[in-house]
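Presented below is the structure to which this report refers.
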Amino acid sequence: MKRRSIVHIDIDAFFAAVEELLNPALKGKPVIVGGLPHERGVAATCNYEARRYGIHAGMPLRKAYQLCPTGLFIRGNYQVYEAFSEKFFRILHEYTPDVEEASLDEAYLDFTRCRPLYSSFSEAARQMKARIEKETGLKVSAGMAPNKILAKLATKKAKPAGFFEVEEGGEEEFLRGLGIESLPGIGPKAQVVLRMLNIHKIGDLWGMPRPALRSLFGLEGEEVYLQSRGIDSRPVFTPTIPKSVSRETTFLEDLWDRRLLLAHLAYLCDRLTLGLRQEHLFAHVIEVKARYSDFKTEVRRRLLLTPLQEMGGIYRVAEDLFLNLFASSRLALRLVGVKASDLVRSRSLSLFEPYSDREERLGAAVDRVREKYGFGSLLTVRERMLDAVYAFERRRGFVLKTASLTK
Ligand code: DCP
Ligand code: CA
């Protein structure tokens, strides 16, 4: 198999780092996120200052308090962390379409397909790391290697805030000195057994024959055998891209009023673009559909050389298509819909077309407000014309006739 270029990237002390960013007075002090000292429950994470006291994720809060009574304990706000996570992934998707979201703050990227775009993958990875740090204000660590396990171990070595690359031919040297506990296949129990056998480093594992590992750890033993040699053929798992995303609605009664029709169209575009942003998708084709009172259906579509994701751009195209279609209509309409297809995960892979991400930032900001105050909290004047027709809920927006659309 061709040598791959895999990057693993992970935000340092994620929840705690966000808290420090929101409240700079916390900087330099031990911070524990997850609850107050005397609450039940465990620490979700803590910053590196708190780790010096022996505190770690999963530790009961009371115990953390005993270890560090001067620590600053914070309950935490998951929605805020999610917003940072979204931004993190948004940037990653600009560097390659092959991104696997391993957790809220951790990803694998496969750069192999992007050979024509970058003169040096390490340079691109370093630049990506720097950009994330600049745009989110959080520190990240990254590792680069020919497969996922080595890339993840490289990140571990790079922490905090570093970048480490396992160069071709350097795999053995890299692995030899790492502690056995760094292999995901070796849990606390296995560690005890191996240490009794005087095996502490990954290099020590190489002397153990495959059957011996298997008899010690069962099927896991096979994993350990491969992991300890840095063998891992798992692909970077990219969720499949849907064929299309669409939103449509039948009206309560047939409509002829152009402004009200456009209000529906705008609202549907808004719901559609929310879906696109959530899936990190951009559309090369926008299609508008209208059904007349005699049930005849017409569609108009447009191919876009630069794919779109945001409300502003998509609505402009949809409006244009709709007006073009409506101009020749003699009947009232009973349904209107908008569909995005020929979807891609990233748009900035175009070599020739630098683009402004102003609209994307606007989209992310809109999502944040809505997350907090509800979808209906931010609608355009055009969309609010639907007040004349539908019940409105701040949490959900308008209650259209097609119930699934208000989800
Ligand atoms: N998390 C959690 N409960 C856990 C582990 C983690 O809620 N048992 C949350 C809090 C972390 C975030 O997930 O901030 C990311 O987990 P990581 O394991 O990546 O840990 P950190 O990012 O906090 O620290 P590190 O710098 O070691 O990556
Ligand atoms: Ca992390």
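Naming works like this for the structure tokens: A, B, ... for the chains as they're shown, residue 1 at the start of each chain, ligands 1 onward in shown order.
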
Can you list every residue in segment 296-361 of chain A that DSSP puts in strand (DSSP E or B), as number ranges by chain? A: 297-308, 333-344

Output of the above residues as an mmCIF file, in the first residue's frame, restricted to N, CA, C and O atoms:
data_model
loop_
_atom_site.group_PDB
_atom_site.id
_atom_site.type_symbol
_atom_site.label_atom_id
_atom_site.label_comp_id
_atom_site.auth_asym_id
_atom_site.auth_seq_id
_atom_site.Cartn_x
_atom_site.Cartn_y
_atom_site.Cartn_z
ATOM 1 N N THR A 297 -45.609 19.905 -11.498
ATOM 2 C CA THR A 297 -44.417 20.301 -10.756
ATOM 3 C C THR A 297 -43.337 20.761 -11.716
ATOM 4 O O THR A 297 -43.143 20.155 -12.769
ATOM 5 N N GLU A 298 -42.664 21.841 -11.346
ATOM 6 C CA GLU A 298 -41.559 22.330 -12.168
ATOM 7 C C GLU A 298 -40.330 22.517 -11.312
ATOM 8 O O GLU A 298 -40.445 22.898 -10.143
ATOM 9 N N VAL A 299 -39.166 22.285 -11.877
ATOM 10 C CA VAL A 299 -37.931 22.588 -11.141
ATOM 11 C C VAL A 299 -37.001 23.430 -12.001
ATOM 12 O O VAL A 299 -37.057 23.396 -13.232
ATOM 13 N N ARG A 300 -36.184 24.205 -11.329
ATOM 14 C CA ARG A 300 -35.107 24.951 -11.983
ATOM 15 C C ARG A 300 -33.852 24.709 -11.169
ATOM 16 O O ARG A 300 -33.889 24.746 -9.941
ATOM 17 N N ARG A 301 -32.757 24.454 -11.854
ATOM 18 C CA ARG A 301 -31.524 24.210 -11.098
ATOM 19 C C ARG A 301 -30.375 25.024 -11.652
ATOM 20 O O ARG A 301 -30.392 25.434 -12.815
ATOM 21 N N ARG A 302 -29.402 25.258 -10.819
ATOM 22 C CA ARG A 302 -28.217 25.975 -11.292
ATOM 23 C C ARG A 302 -26.956 25.310 -10.756
ATOM 24 O O ARG A 302 -26.892 24.915 -9.593
ATOM 25 N N LEU A 303 -25.982 25.196 -11.643
ATOM 26 C CA LEU A 303 -24.680 24.646 -11.274
ATOM 27 C C LEU A 303 -23.767 25.779 -10.826
ATOM 28 O O LEU A 303 -23.674 26.811 -11.503
ATOM 29 N N LEU A 304 -23.113 25.587 -9.700
ATOM 30 C CA LEU A 304 -22.229 26.635 -9.169
ATOM 31 C C LEU A 304 -20.791 26.148 -9.198
ATOM 32 O O LEU A 304 -20.480 25.087 -8.665
ATOM 33 N N LEU A 305 -19.928 26.918 -9.806
ATOM 34 C CA LEU A 305 -18.528 26.479 -9.870
ATOM 35 C C LEU A 305 -17.878 26.573 -8.494
ATOM 36 O O LEU A 305 -17.059 25.746 -8.132
ATOM 37 N N THR A 306 -18.244 27.589 -7.736
ATOM 38 C CA THR A 306 -17.805 27.662 -6.341
ATOM 39 C C THR A 306 -18.975 27.223 -5.473
ATOM 40 O O THR A 306 -20.023 27.861 -5.482
ATOM 41 N N PRO A 307 -18.826 26.131 -4.751
ATOM 42 C CA PRO A 307 -19.971 25.617 -3.987
ATOM 43 C C PRO A 307 -20.341 26.546 -2.830
ATOM 44 O O PRO A 307 -19.488 27.248 -2.289
ATOM 45 N N LEU A 308 -21.606 26.551 -2.472
ATOM 46 C CA LEU A 308 -22.098 27.456 -1.437
ATOM 47 C C LEU A 308 -22.608 26.697 -0.219
ATOM 48 O O LEU A 308 -23.080 25.573 -0.320
ATOM 49 N N LEU A 333 -49.658 28.489 -6.327
ATOM 50 C CA LEU A 333 -48.756 27.394 -5.962
ATOM 51 C C LEU A 333 -49.260 26.671 -4.724
ATOM 52 O O LEU A 333 -49.820 27.289 -3.828
ATOM 53 N N ARG A 334 -48.995 25.373 -4.682
ATOM 54 C CA ARG A 334 -49.358 24.626 -3.464
ATOM 55 C C ARG A 334 -48.132 24.150 -2.694
ATOM 56 O O ARG A 334 -48.224 23.752 -1.535
ATOM 57 N N LEU A 335 -46.976 24.188 -3.346
ATOM 58 C CA LEU A 335 -45.762 23.723 -2.655
ATOM 59 C C LEU A 335 -44.547 24.443 -3.212
ATOM 60 O O LEU A 335 -44.480 24.735 -4.417
ATOM 61 N N VAL A 336 -43.589 24.716 -2.352
ATOM 62 C CA VAL A 336 -42.305 25.204 -2.829
ATOM 63 C C VAL A 336 -41.208 24.471 -2.062
ATOM 64 O O VAL A 336 -41.410 24.049 -0.913
ATOM 65 N N GLY A 337 -40.090 24.253 -2.734
ATOM 66 C CA GLY A 337 -38.999 23.526 -2.085
ATOM 67 C C GLY A 337 -37.652 23.965 -2.619
ATOM 68 O O GLY A 337 -37.564 24.542 -3.709
ATOM 69 N N VAL A 338 -36.618 23.700 -1.833
ATOM 70 C CA VAL A 338 -35.266 24.014 -2.286
ATOM 71 C C VAL A 338 -34.376 22.824 -1.943
ATOM 72 O O VAL A 338 -34.543 22.183 -0.903
ATOM 73 N N LYS A 339 -33.472 22.517 -2.870
ATOM 74 C CA LYS A 339 -32.626 21.336 -2.690
ATOM 75 C C LYS A 339 -31.181 21.690 -3.021
ATOM 76 O O LYS A 339 -30.917 22.399 -3.993
ATOM 77 N N ALA A 340 -30.275 21.185 -2.207
ATOM 78 C CA ALA A 340 -28.843 21.360 -2.465
ATOM 79 C C ALA A 340 -28.286 19.988 -2.816
ATOM 80 O O ALA A 340 -28.530 19.022 -2.095
ATOM 81 N N SER A 341 -27.549 19.892 -3.913
ATOM 82 C CA SER A 341 -26.964 18.594 -4.269
ATOM 83 C C SER A 341 -25.555 18.773 -4.831
ATOM 84 O O SER A 341 -25.036 19.879 -4.856
ATOM 85 N N ASP A 342 -24.959 17.688 -5.279
ATOM 86 C CA ASP A 342 -23.536 17.682 -5.657
ATOM 87 C C ASP A 342 -22.725 18.267 -4.507
ATOM 88 O O ASP A 342 -22.005 19.250 -4.660
ATOM 89 N N LEU A 343 -22.890 17.624 -3.360
ATOM 90 C CA LEU A 343 -22.340 18.168 -2.127
ATOM 91 C C LEU A 343 -20.869 17.797 -1.952
ATOM 92 O O LEU A 343 -20.453 16.703 -2.334
ATOM 93 N N VAL A 344 -20.112 18.708 -1.391
ATOM 94 C CA VAL A 344 -18.708 18.445 -1.068
ATOM 95 C C VAL A 344 -18.459 18.900 0.367
ATOM 96 O O VAL A 344 -19.199 19.702 0.907
#

Which residues come within 6 Å of Val42 of chain A, counting only C-alpha atoms, excluding same-chain residues fewer than 5 positions away, as number ranges by chain? A: 58-61

Would you list the residues that come within 10 Å of ligand 1? Count only C-alpha atoms and all ligand atoms and give the answer as a ChimeraX atom specification. /A:9-18,32-34,42-48,51,56-59,76,78,81,102-106,139-141,155-156,159-161

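Restricting the calculation to only C-alpha atoms, the smallest distance between Pro116 of chain A and any of A:Ala145, A:Val389, A:Thr96, A:Arg361 is found for A:Thr96.
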
Those of segment 95-191 of chain A in DSSP helix (DSSP H, G or I), formatted as a ChimeraX atom specification: /A:112-117,121-136,148-158,171-176,180-182,188-191

Near segment 87-91 of chain A, counting only C-alpha atoms, which residues have an atom at most 8 Å away, once you skip same-chain residues fewer than 2 positions from it, shown as number ranges by chain? A: 83-85, 93-95, 101, 105, 128, 132, 136, 280, 364

Selection from above, C-alpha atoms, as a PDB file, in the first residue's frame, can you write it?
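File part13.pdb, as written:
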ATOM      1  CA  ALA A  83     -19.324  26.011  19.483  1.00  0.00           C
ATOM      2  CA  PHE A  84     -15.508  25.931  19.791  1.00  0.00           C
ATOM      3  CA  SER A  85     -15.499  22.354  18.526  1.00  0.00           C
ATOM      4  CA  HIS A  93     -12.220  20.664   6.671  1.00  0.00           C
ATOM      5  CA  GLU A  94     -10.508  23.415   4.737  1.00  0.00           C
ATOM      6  CA  TYR A  95      -7.272  21.461   4.594  1.00  0.00           C
ATOM      7  CA  GLU A 101     -14.153  13.387  14.034  1.00  0.00           C
ATOM      8  CA  ASP A 105     -11.684  18.019  20.284  1.00  0.00           C
ATOM      9  CA  MET A 128      -3.207  24.356  10.042  1.00  0.00           C
ATOM     10  CA  ILE A 132      -6.514  26.931  14.652  1.00  0.00           C
ATOM     11  CA  THR A 136      -9.911  29.779  18.263  1.00  0.00           C
ATOM     12  CA  HIS A 280     -19.894  20.677   6.903  1.00  0.00           C
ATOM     13  CA  ALA A 364     -21.368  30.224  12.707  1.00  0.00           C
TER      14      ALA A 364
END

Counting only C-alpha atoms, which residues of segment 265-331 of chain A sit at most 9 Å from some atom of segment 382-387 of chain A, and what is each one's closest atom pair with its distance in Å to one decimal, listed by chain and rising residue number, as CSV?
residue,atom,partner,partner_atom,distance
A:Leu265,CA,A:Glu383,CA,8.5
A:Ala266,CA,A:Glu383,CA,6.0
A:Tyr267,CA,A:Glu383,CA,5.5
A:Asp270,CA,A:Glu383,CA,9.0

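If you count only C-alpha atoms and ignore residues fewer than 6 places along the chain from Ser120 of chain A, what sits within 12 Å of it is Ser5, Phe111, Thr112, Cys114, Arg126 and Gln127 of chain A.
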
Would you kindly return, as an MDAnalysis selection string, each protein, DNA or RNA residue with an atom no farther than 12 Å from any atom of segment 241-245 of chain A, considering only C-alpha atoms and excluding same-chain residues fewer than 3 positions away? chainID A and resid 97:98 237:238 248 268:269 271:287 309 337:346

Could the residues in this selection be written to a file with N, CA and C atoms, as a compact mmCIF listing (two decimals), in the first residue's frame?
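That gives us out_4.txt:
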# COMPACT_ATOMS: atom_id res chain seq x y z
N PRO A 97 -10.62 17.06 2.55
CA PRO A 97 -11.99 16.57 2.76
C PRO A 97 -12.03 15.33 3.64
N ASP A 98 -10.89 14.68 3.86
CA ASP A 98 -10.87 13.43 4.61
C ASP A 98 -10.60 13.68 6.09
N PHE A 237 -11.83 7.51 8.75
CA PHE A 237 -13.23 7.26 8.45
C PHE A 237 -13.99 8.56 8.21
N THR A 238 -14.36 8.78 6.97
CA THR A 238 -15.11 9.99 6.63
C THR A 238 -16.56 9.61 6.48
N GLU A 248 -38.80 21.35 1.86
CA GLU A 248 -39.93 21.83 1.08
C GLU A 248 -41.17 21.85 1.95
N LEU A 268 -37.15 28.30 4.09
CA LEU A 268 -36.66 26.97 3.73
C LEU A 268 -35.15 26.99 3.47
N CYS A 269 -34.67 28.04 2.84
CA CYS A 269 -33.22 28.17 2.61
C CYS A 269 -32.48 28.25 3.94
N ARG A 271 -33.43 26.94 6.83
CA ARG A 271 -33.40 25.60 7.43
C ARG A 271 -32.40 24.71 6.69
N LEU A 272 -32.37 24.86 5.39
CA LEU A 272 -31.46 24.05 4.57
C LEU A 272 -30.00 24.35 4.91
N THR A 273 -29.67 25.63 5.01
CA THR A 273 -28.26 25.98 5.24
C THR A 273 -27.82 25.59 6.64
N LEU A 274 -28.77 25.59 7.57
CA LEU A 274 -28.45 25.08 8.91
C LEU A 274 -27.99 23.62 8.79
N GLY A 275 -28.75 22.84 8.02
CA GLY A 275 -28.39 21.43 7.81
C GLY A 275 -27.02 21.29 7.15
N LEU A 276 -26.74 22.12 6.17
CA LEU A 276 -25.45 22.05 5.47
C LEU A 276 -24.29 22.36 6.43
N ARG A 277 -24.48 23.39 7.24
CA ARG A 277 -23.40 23.76 8.17
C ARG A 277 -23.16 22.65 9.18
N GLN A 278 -24.24 22.05 9.65
CA GLN A 278 -24.08 20.99 10.65
C GLN A 278 -23.28 19.82 10.09
N GLU A 279 -23.44 19.58 8.80
CA GLU A 279 -22.74 18.45 8.18
C GLU A 279 -21.46 18.87 7.46
N HIS A 280 -21.08 20.14 7.60
CA HIS A 280 -19.89 20.68 6.90
C HIS A 280 -19.99 20.47 5.40
N LEU A 281 -21.15 20.72 4.83
CA LEU A 281 -21.33 20.47 3.41
C LEU A 281 -21.50 21.76 2.61
N PHE A 282 -21.00 21.74 1.40
CA PHE A 282 -21.17 22.84 0.46
C PHE A 282 -21.83 22.28 -0.79
N ALA A 283 -22.67 23.08 -1.44
CA ALA A 283 -23.45 22.56 -2.57
C ALA A 283 -22.99 23.16 -3.89
N HIS A 284 -22.81 22.29 -4.88
CA HIS A 284 -22.48 22.74 -6.23
C HIS A 284 -23.72 22.95 -7.08
N VAL A 285 -24.86 22.40 -6.59
CA VAL A 285 -26.09 22.58 -7.36
C VAL A 285 -27.22 23.01 -6.42
N ILE A 286 -27.93 24.05 -6.81
CA ILE A 286 -29.11 24.48 -6.06
C ILE A 286 -30.32 24.31 -6.99
N GLU A 287 -31.37 23.74 -6.42
CA GLU A 287 -32.55 23.47 -7.22
C GLU A 287 -33.78 23.99 -6.49
N GLN A 309 -22.54 27.37 0.92
CA GLN A 309 -23.05 26.79 2.16
C GLN A 309 -23.97 27.75 2.90
N GLY A 337 -40.09 24.25 -2.73
CA GLY A 337 -39.00 23.53 -2.09
C GLY A 337 -37.65 23.97 -2.62
N VAL A 338 -36.62 23.70 -1.83
CA VAL A 338 -35.27 24.01 -2.29
C VAL A 338 -34.38 22.82 -1.94
N LYS A 339 -33.47 22.52 -2.87
CA LYS A 339 -32.63 21.34 -2.69
C LYS A 339 -31.18 21.69 -3.02
N ALA A 340 -30.27 21.18 -2.21
CA ALA A 340 -28.84 21.36 -2.47
C ALA A 340 -28.29 19.99 -2.82
N SER A 341 -27.55 19.89 -3.91
CA SER A 341 -26.96 18.59 -4.27
C SER A 341 -25.56 18.77 -4.83
N ASP A 342 -24.96 17.69 -5.28
CA ASP A 342 -23.54 17.68 -5.66
C ASP A 342 -22.72 18.27 -4.51
N LEU A 343 -22.89 17.62 -3.36
CA LEU A 343 -22.34 18.17 -2.13
C LEU A 343 -20.87 17.80 -1.95
N VAL A 344 -20.11 18.71 -1.39
CA VAL A 344 -18.71 18.45 -1.07
C VAL A 344 -18.46 18.90 0.37
N ARG A 345 -17.40 18.35 0.96
CA ARG A 345 -17.14 18.66 2.37
C ARG A 345 -16.31 19.91 2.58
N SER A 346 -15.73 20.40 1.52
CA SER A 346 -14.83 21.52 1.72
C SER A 346 -14.83 22.34 0.45

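Considering only C-alpha atoms, the residue among A:Gly374, A:Pro146, A:Gly218, A:Pro184 positioned nearest to Arg3 of chain A is A:Pro146.
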